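Below is the file final_19.txt, which contains compact mmCIF, C-alpha atoms.
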```txt
# COMPACT_ATOMS: atom_id res chain seq x y z
CA MET I 19 -28.19 82.23 -134.24
CA GLU I 20 -29.84 83.51 -131.07
CA TRP I 21 -31.52 86.94 -130.96
CA ARG I 22 -32.80 88.44 -127.73
CA ILE I 23 -34.69 91.65 -127.10
CA GLU I 24 -33.15 93.13 -123.98
CA LEU I 25 -33.92 96.88 -124.04
CA ILE I 26 -36.89 98.93 -125.21
CA TYR I 27 -36.88 102.73 -125.25
CA VAL I 28 -39.90 104.40 -123.68
CA PRO I 29 -40.10 108.12 -124.51
CA VAL I 30 -41.08 110.32 -121.57
CA THR I 31 -41.42 114.02 -120.83
CA ASP I 32 -40.25 114.08 -117.21
CA VAL I 33 -37.56 111.50 -116.45
CA ASP I 34 -37.83 111.75 -112.67
CA LEU I 35 -41.64 111.44 -112.73
CA ALA I 36 -41.44 108.44 -115.08
CA LYS I 37 -38.68 106.82 -113.00
CA ALA I 38 -40.81 107.18 -109.85
CA PHE I 39 -43.85 105.79 -111.67
CA TYR I 40 -42.08 102.70 -112.95
CA ALA I 41 -39.97 102.04 -109.85
CA ASP I 42 -42.16 103.13 -106.95
CA ARG I 43 -45.62 102.38 -108.30
CA VAL I 44 -45.31 99.64 -110.93
CA GLY I 45 -42.41 97.89 -109.15
CA PHE I 46 -39.60 97.86 -111.71
CA VAL I 47 -36.00 97.66 -110.47
CA VAL I 48 -33.75 100.66 -111.21
CA ASP I 49 -30.61 99.20 -112.80
CA HIS I 50 -28.89 102.42 -113.87
CA ASP I 51 -29.40 106.17 -113.65
CA VAL I 52 -26.44 107.86 -115.31
CA ARG I 53 -25.97 111.37 -116.63
CA VAL I 54 -23.65 110.71 -119.57
CA SER I 55 -23.44 114.37 -120.64
CA GLU I 56 -25.51 117.56 -120.44
CA GLU I 57 -27.63 116.21 -123.29
CA VAL I 58 -27.86 112.53 -122.31
CA ARG I 59 -29.30 110.83 -119.23
CA PHE I 60 -29.79 107.06 -119.27
CA VAL I 61 -32.15 105.34 -116.83
CA GLN I 62 -32.64 101.58 -117.15
CA LEU I 63 -35.44 99.79 -115.31
CA THR I 64 -36.31 96.10 -115.34
CA PRO I 65 -39.59 94.38 -114.45
CA PRO I 66 -38.95 91.77 -111.74
CA GLY I 67 -38.09 88.44 -113.38
CA SER I 68 -37.68 89.91 -116.87
CA ALA I 69 -34.69 89.56 -119.19
CA CYS I 70 -35.81 92.71 -121.03
CA SER I 71 -35.48 96.20 -119.59
CA ILE I 72 -36.77 99.62 -120.54
CA ALA I 73 -34.73 102.78 -120.95
CA ILE I 74 -36.02 106.27 -120.23
CA GLY I 75 -34.03 109.44 -120.18
CA GLU I 76 -32.87 112.43 -122.15
CA GLY I 77 -31.26 112.31 -125.58
CA LEU I 78 -32.00 108.62 -126.11
CA THR I 79 -34.67 108.54 -128.80
CA ASP I 80 -36.49 110.67 -131.35
CA MET I 81 -39.85 109.13 -130.44
CA ALA I 82 -42.40 111.58 -129.03
CA PRO I 83 -43.28 111.12 -125.35
CA GLY I 84 -46.30 108.86 -125.04
CA SER I 85 -45.86 107.28 -128.48
CA GLN I 86 -44.68 103.84 -127.30
CA ASN I 87 -47.81 101.71 -127.43
CA GLY I 88 -48.36 98.03 -126.98
CA ILE I 89 -45.41 96.84 -124.93
CA GLN I 90 -46.62 93.47 -123.71
CA VAL I 91 -45.47 91.87 -120.47
CA VAL I 92 -46.35 88.34 -119.37
CA VAL I 93 -47.58 88.02 -115.78
CA PRO I 94 -48.56 84.89 -113.85
CA ASP I 95 -51.92 86.32 -112.67
CA ALA I 96 -53.79 89.09 -114.49
CA ASP I 97 -56.14 89.69 -111.56
CA ALA I 98 -53.26 90.12 -109.09
CA ALA I 99 -51.37 92.39 -111.50
CA ARG I 100 -54.47 94.55 -111.98
CA ALA I 101 -55.03 94.70 -108.22
CA HIS I 102 -51.41 95.80 -107.72
CA LEU I 103 -51.79 98.61 -110.26
CA LEU I 104 -55.07 99.78 -108.74
CA ASP I 105 -53.54 99.67 -105.23
CA GLN I 106 -50.81 101.99 -106.53
CA GLY I 107 -53.38 104.43 -107.92
CA ILE I 108 -52.76 103.42 -111.52
CA ASP I 109 -55.77 103.29 -113.81
CA ALA I 110 -55.95 99.75 -115.21
CA SER I 111 -58.47 98.19 -117.56
CA GLU I 112 -60.75 95.37 -116.58
CA VAL I 113 -59.35 91.92 -117.30
CA ASP I 114 -60.06 91.07 -120.95
CA GLU I 115 -60.62 87.33 -121.37
CA GLN I 116 -59.48 85.91 -124.71
CA PRO I 117 -58.76 82.33 -125.87
CA TRP I 118 -55.03 83.24 -126.07
CA GLY I 119 -54.82 84.81 -122.62
CA ARG I 120 -56.15 87.28 -120.08
CA PHE I 121 -55.15 90.92 -120.61
CA VAL I 122 -54.92 94.13 -118.56
CA GLY I 123 -53.95 97.50 -119.99
CA PHE I 124 -52.46 100.58 -118.34
CA ALA I 125 -50.47 103.66 -119.32
CA ASP I 126 -47.66 105.71 -117.80
CA PRO I 127 -48.03 109.45 -117.08
CA ASP I 128 -47.12 110.30 -120.71
CA GLY I 129 -49.60 107.82 -122.18
CA ASN I 130 -47.15 105.08 -123.19
CA ALA I 131 -49.46 102.04 -123.28
CA TRP I 132 -48.71 98.67 -121.74
CA VAL I 133 -50.52 95.34 -121.92
CA LEU I 134 -50.14 92.65 -119.29
CA GLN I 135 -50.89 89.10 -120.46
CA GLN I 136 -51.61 86.03 -118.38
CA LEU I 137 -50.91 83.11 -120.70
CA PRO I 138 -53.61 80.44 -121.04
CA PRO I 139 -52.98 77.07 -119.41
CA ARG I 140 -50.88 74.79 -121.61
CA GLU I 141 -52.21 71.36 -122.33
```
Turn this file's structure into structure tokens for me.
Amino acid sequence: MEWRIELIYVPVTDVDLAKAFYADRVGFVVDHDVRVSEEVRFVQLTPPGSACSIAIGEGLTDMAPGSQNGIQVVVPDADAARAHLLDQGIDASEVDEQPWGRFVGFADPDGNAWVLQQLPPRE
């Protein structure tokens, strides 16, 4: 049996601000932005090259804005990813070197925390 994670909810306060942050500054692709009803708005964004997307919006989750912590995304180059975030005015941590990879952290405007991981070379 195959199981795939394809969508993660990220709770935000201001959907338009979050959409602009993820699309215009981080570089995610906007797949959908649909107002389903007065209570529900669904916005799906996907990191380039990823099979898993995030969903932000209204009426999607009971999680408090800013409570999604530790979403981890694999990147080919931690230094380049950090430079991209800094170029976009996003506060990013220094690269953290570990035996299992190189890591950079950042957060969205609500404080949802992300970790970027450059995998170690495989032998």
Selection as a CSV table (one decimal) with C-alpha atoms, in the coordinates of the input: residues within 10 Å of (-58.9, 93.8, -109.9), counting all atoms listed in the file:
```
chain,number,residue,atom,x,y,z
I,96,ALA,CA,-53.8,89.1,-114.5
I,97,ASP,CA,-56.1,89.7,-111.6
I,98,ALA,CA,-53.3,90.1,-109.1
I,99,ALA,CA,-51.4,92.4,-111.5
I,100,ARG,CA,-54.5,94.6,-112.0
I,101,ALA,CA,-55.0,94.7,-108.2
I,102,HIS,CA,-51.4,95.8,-107.7
I,103,LEU,CA,-51.8,98.6,-110.3
I,104,LEU,CA,-55.1,99.8,-108.7
I,105,ASP,CA,-53.5,99.7,-105.2
I,110,ALA,CA,-56.0,99.8,-115.2
I,111,SER,CA,-58.5,98.2,-117.6
I,112,GLU,CA,-60.8,95.4,-116.6
I,113,VAL,CA,-59.4,91.9,-117.3
I,122,VAL,CA,-54.9,94.1,-118.6
```
Inset, instruction - Please identify all polymer residues within 7 Å of Val92 (chain I), counting all atoms listed in the file, omitting same-chain residues fewer than 5 positions from it, and present them as a PyMOL selection string. - result: chain I and resi 134-136
Legend entry - Shell around Val52 (chain I) at 7 Å using all atoms listed in the file, local window under 3 positions removed, as a ChimeraX atom specification: /I:59-61
Inset, instruction - Compile the contact shell of Leu78 (chain I) as a ChimeraX atom specification: residues with an atom at most 12 Å away, counting all atoms listed in the file, same-chain residues fewer than 5 positions apart removed. - result: /I:26-30,33,53-55,57-62,72-73,83
Write a file of the just-selected residues containing C-alpha atoms, as a short mmCIF file (atom, residue, chain, number, x, y, z; two decimals), in the frame of the given file.
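Result file is result.cif:
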```cif
data_model
loop_
_atom_site.label_atom_id
_atom_site.label_comp_id
_atom_site.auth_asym_id
_atom_site.auth_seq_id
_atom_site.Cartn_x
_atom_site.Cartn_y
_atom_site.Cartn_z
CA ILE I 26 -36.89 98.93 -125.21
CA TYR I 27 -36.88 102.73 -125.25
CA VAL I 28 -39.90 104.40 -123.68
CA PRO I 29 -40.10 108.12 -124.51
CA VAL I 30 -41.08 110.32 -121.57
CA VAL I 33 -37.56 111.50 -116.45
CA ARG I 53 -25.97 111.37 -116.63
CA VAL I 54 -23.65 110.71 -119.57
CA SER I 55 -23.44 114.37 -120.64
CA GLU I 57 -27.63 116.21 -123.29
CA VAL I 58 -27.86 112.53 -122.31
CA ARG I 59 -29.30 110.83 -119.23
CA PHE I 60 -29.79 107.06 -119.27
CA VAL I 61 -32.15 105.34 -116.83
CA GLN I 62 -32.64 101.58 -117.15
CA ILE I 72 -36.77 99.62 -120.54
CA ALA I 73 -34.73 102.78 -120.95
CA PRO I 83 -43.28 111.12 -125.35
#
```
Inset, instruction - Work out how far apart CA of Pro65 (chain I) and CA of Ala125 (chain I) are and give it in Å to one decimal. - result: 15.1 Å
Where atoms are lacking, region 103-132 of chain I completed to N, CA and C atoms, as a PDB file, in the coordinates of the input:
```pdb
ATOM      1  N   LEU I 103     -51.750  97.298-109.611  1.00  0.00           N
ATOM      2  CA  LEU I 103     -51.790  98.610-110.260  1.00  0.00           C
ATOM      3  C   LEU I 103     -52.837  99.501-109.612  1.00  0.00           C
ATOM      4  N   LEU I 104     -54.018  98.976-109.371  1.00  0.00           N
ATOM      5  CA  LEU I 104     -55.070  99.780-108.740  1.00  0.00           C
ATOM      6  C   LEU I 104     -54.666 100.216-107.337  1.00  0.00           C
ATOM      7  N   ASP I 105     -54.022  99.325-106.578  1.00  0.00           N
ATOM      8  CA  ASP I 105     -53.540  99.670-105.230  1.00  0.00           C
ATOM      9  C   ASP I 105     -52.530 100.816-105.263  1.00  0.00           C
ATOM     10  N   GLN I 106     -51.807 100.930-106.376  1.00  0.00           N
ATOM     11  CA  GLN I 106     -50.810 101.990-106.530  1.00  0.00           C
ATOM     12  C   GLN I 106     -51.405 103.247-107.166  1.00  0.00           C
ATOM     13  N   GLY I 107     -52.722 103.267-107.345  1.00  0.00           N
ATOM     14  CA  GLY I 107     -53.380 104.430-107.920  1.00  0.00           C
ATOM     15  C   GLY I 107     -53.240 104.537-109.427  1.00  0.00           C
ATOM     16  N   ILE I 108     -52.926 103.437-110.072  1.00  0.00           N
ATOM     17  CA  ILE I 108     -52.760 103.420-111.520  1.00  0.00           C
ATOM     18  C   ILE I 108     -54.047 102.922-112.163  1.00  0.00           C
ATOM     19  N   ASP I 109     -54.562 103.682-113.099  1.00  0.00           N
ATOM     20  CA  ASP I 109     -55.770 103.290-113.810  1.00  0.00           C
ATOM     21  C   ASP I 109     -55.457 102.079-114.684  1.00  0.00           C
ATOM     22  N   ALA I 110     -56.162 100.993-114.442  1.00  0.00           N
ATOM     23  CA  ALA I 110     -55.950  99.750-115.210  1.00  0.00           C
ATOM     24  C   ALA I 110     -57.282  99.275-115.753  1.00  0.00           C
ATOM     25  N   SER I 111     -57.247  98.696-116.943  1.00  0.00           N
ATOM     26  CA  SER I 111     -58.470  98.190-117.560  1.00  0.00           C
ATOM     27  C   SER I 111     -58.985  96.981-116.787  1.00  0.00           C
ATOM     28  N   GLU I 112     -60.219  96.632-117.070  1.00  0.00           N
ATOM     29  CA  GLU I 112     -60.750  95.370-116.580  1.00  0.00           C
ATOM     30  C   GLU I 112     -59.967  94.244-117.256  1.00  0.00           C
ATOM     31  N   VAL I 113     -60.009  93.067-116.687  1.00  0.00           N
ATOM     32  CA  VAL I 113     -59.350  91.920-117.300  1.00  0.00           C
ATOM     33  C   VAL I 113     -60.155  91.515-118.542  1.00  0.00           C
ATOM     34  N   ASP I 114     -59.467  91.444-119.672  1.00  0.00           N
ATOM     35  CA  ASP I 114     -60.060  91.070-120.950  1.00  0.00           C
ATOM     36  C   ASP I 114     -59.751  89.599-121.203  1.00  0.00           C
ATOM     37  N   GLU I 115     -60.777  88.771-121.189  1.00  0.00           N
ATOM     38  CA  GLU I 115     -60.620  87.330-121.370  1.00  0.00           C
ATOM     39  C   GLU I 115     -60.638  86.990-122.863  1.00  0.00           C
ATOM     40  N   GLN I 116     -59.578  86.346-123.327  1.00  0.00           N
ATOM     41  CA  GLN I 116     -59.480  85.910-124.710  1.00  0.00           C
ATOM     42  C   GLN I 116     -59.000  84.454-124.726  1.00  0.00           C
ATOM     43  N   PRO I 117     -59.239  83.727-125.812  1.00  0.00           N
ATOM     44  CA  PRO I 117     -58.760  82.330-125.870  1.00  0.00           C
ATOM     45  C   PRO I 117     -57.236  82.230-125.736  1.00  0.00           C
ATOM     46  N   TRP I 118     -56.497  83.276-126.097  1.00  0.00           N
ATOM     47  CA  TRP I 118     -55.030  83.240-126.070  1.00  0.00           C
ATOM     48  C   TRP I 118     -54.447  83.913-124.834  1.00  0.00           C
ATOM     49  N   GLY I 119     -55.323  84.253-123.861  1.00  0.00           N
ATOM     50  CA  GLY I 119     -54.820  84.810-122.620  1.00  0.00           C
ATOM     51  C   GLY I 119     -55.791  85.778-121.979  1.00  0.00           C
ATOM     52  N   ARG I 120     -55.381  86.283-120.838  1.00  0.00           N
ATOM     53  CA  ARG I 120     -56.150  87.280-120.080  1.00  0.00           C
ATOM     54  C   ARG I 120     -55.307  88.550-120.046  1.00  0.00           C
ATOM     55  N   PHE I 121     -55.900  89.699-120.373  1.00  0.00           N
ATOM     56  CA  PHE I 121     -55.150  90.920-120.610  1.00  0.00           C
ATOM     57  C   PHE I 121     -55.620  92.078-119.739  1.00  0.00           C
ATOM     58  N   VAL I 122     -54.654  92.899-119.319  1.00  0.00           N
ATOM     59  CA  VAL I 122     -54.920  94.130-118.560  1.00  0.00           C
ATOM     60  C   VAL I 122     -54.078  95.226-119.185  1.00  0.00           C
ATOM     61  N   GLY I 123     -54.681  96.382-119.425  1.00  0.00           N
ATOM     62  CA  GLY I 123     -53.950  97.500-119.990  1.00  0.00           C
ATOM     63  C   GLY I 123     -53.778  98.630-118.987  1.00  0.00           C
ATOM     64  N   PHE I 124     -52.682  99.367-119.131  1.00  0.00           N
ATOM     65  CA  PHE I 124     -52.460 100.580-118.340  1.00  0.00           C
ATOM     66  C   PHE I 124     -51.514 101.479-119.111  1.00  0.00           C
ATOM     67  N   ALA I 125     -51.364 102.707-118.658  1.00  0.00           N
ATOM     68  CA  ALA I 125     -50.470 103.660-119.320  1.00  0.00           C
ATOM     69  C   ALA I 125     -49.655 104.407-118.275  1.00  0.00           C
ATOM     70  N   ASP I 126     -48.481 104.881-118.694  1.00  0.00           N
ATOM     71  CA  ASP I 126     -47.660 105.710-117.800  1.00  0.00           C
ATOM     72  C   ASP I 126     -48.157 107.159-117.865  1.00  0.00           C
ATOM     73  N   PRO I 127     -47.551 108.068-117.091  1.00  0.00           N
ATOM     74  CA  PRO I 127     -48.030 109.450-117.080  1.00  0.00           C
ATOM     75  C   PRO I 127     -48.016 110.154-118.444  1.00  0.00           C
ATOM     76  N   ASP I 128     -47.166 109.704-119.372  1.00  0.00           N
ATOM     77  CA  ASP I 128     -47.120 110.300-120.710  1.00  0.00           C
ATOM     78  C   ASP I 128     -48.099 109.654-121.672  1.00  0.00           C
ATOM     79  N   GLY I 129     -48.682 108.524-121.294  1.00  0.00           N
ATOM     80  CA  GLY I 129     -49.600 107.820-122.180  1.00  0.00           C
ATOM     81  C   GLY I 129     -48.990 106.649-122.919  1.00  0.00           C
ATOM     82  N   ASN I 130     -47.733 106.289-122.615  1.00  0.00           N
ATOM     83  CA  ASN I 130     -47.150 105.080-123.190  1.00  0.00           C
ATOM     84  C   ASN I 130     -47.984 103.897-122.697  1.00  0.00           C
ATOM     85  N   ALA I 131     -48.503 103.096-123.623  1.00  0.00           N
ATOM     86  CA  ALA I 131     -49.460 102.040-123.280  1.00  0.00           C
ATOM     87  C   ALA I 131     -48.788 100.684-123.111  1.00  0.00           C
ATOM     88  N   TRP I 132     -49.215  99.990-122.078  1.00  0.00           N
ATOM     89  CA  TRP I 132     -48.710  98.670-121.740  1.00  0.00           C
ATOM     90  C   TRP I 132     -49.860  97.676-121.720  1.00  0.00           C
TER      91      TRP I 132
END
```
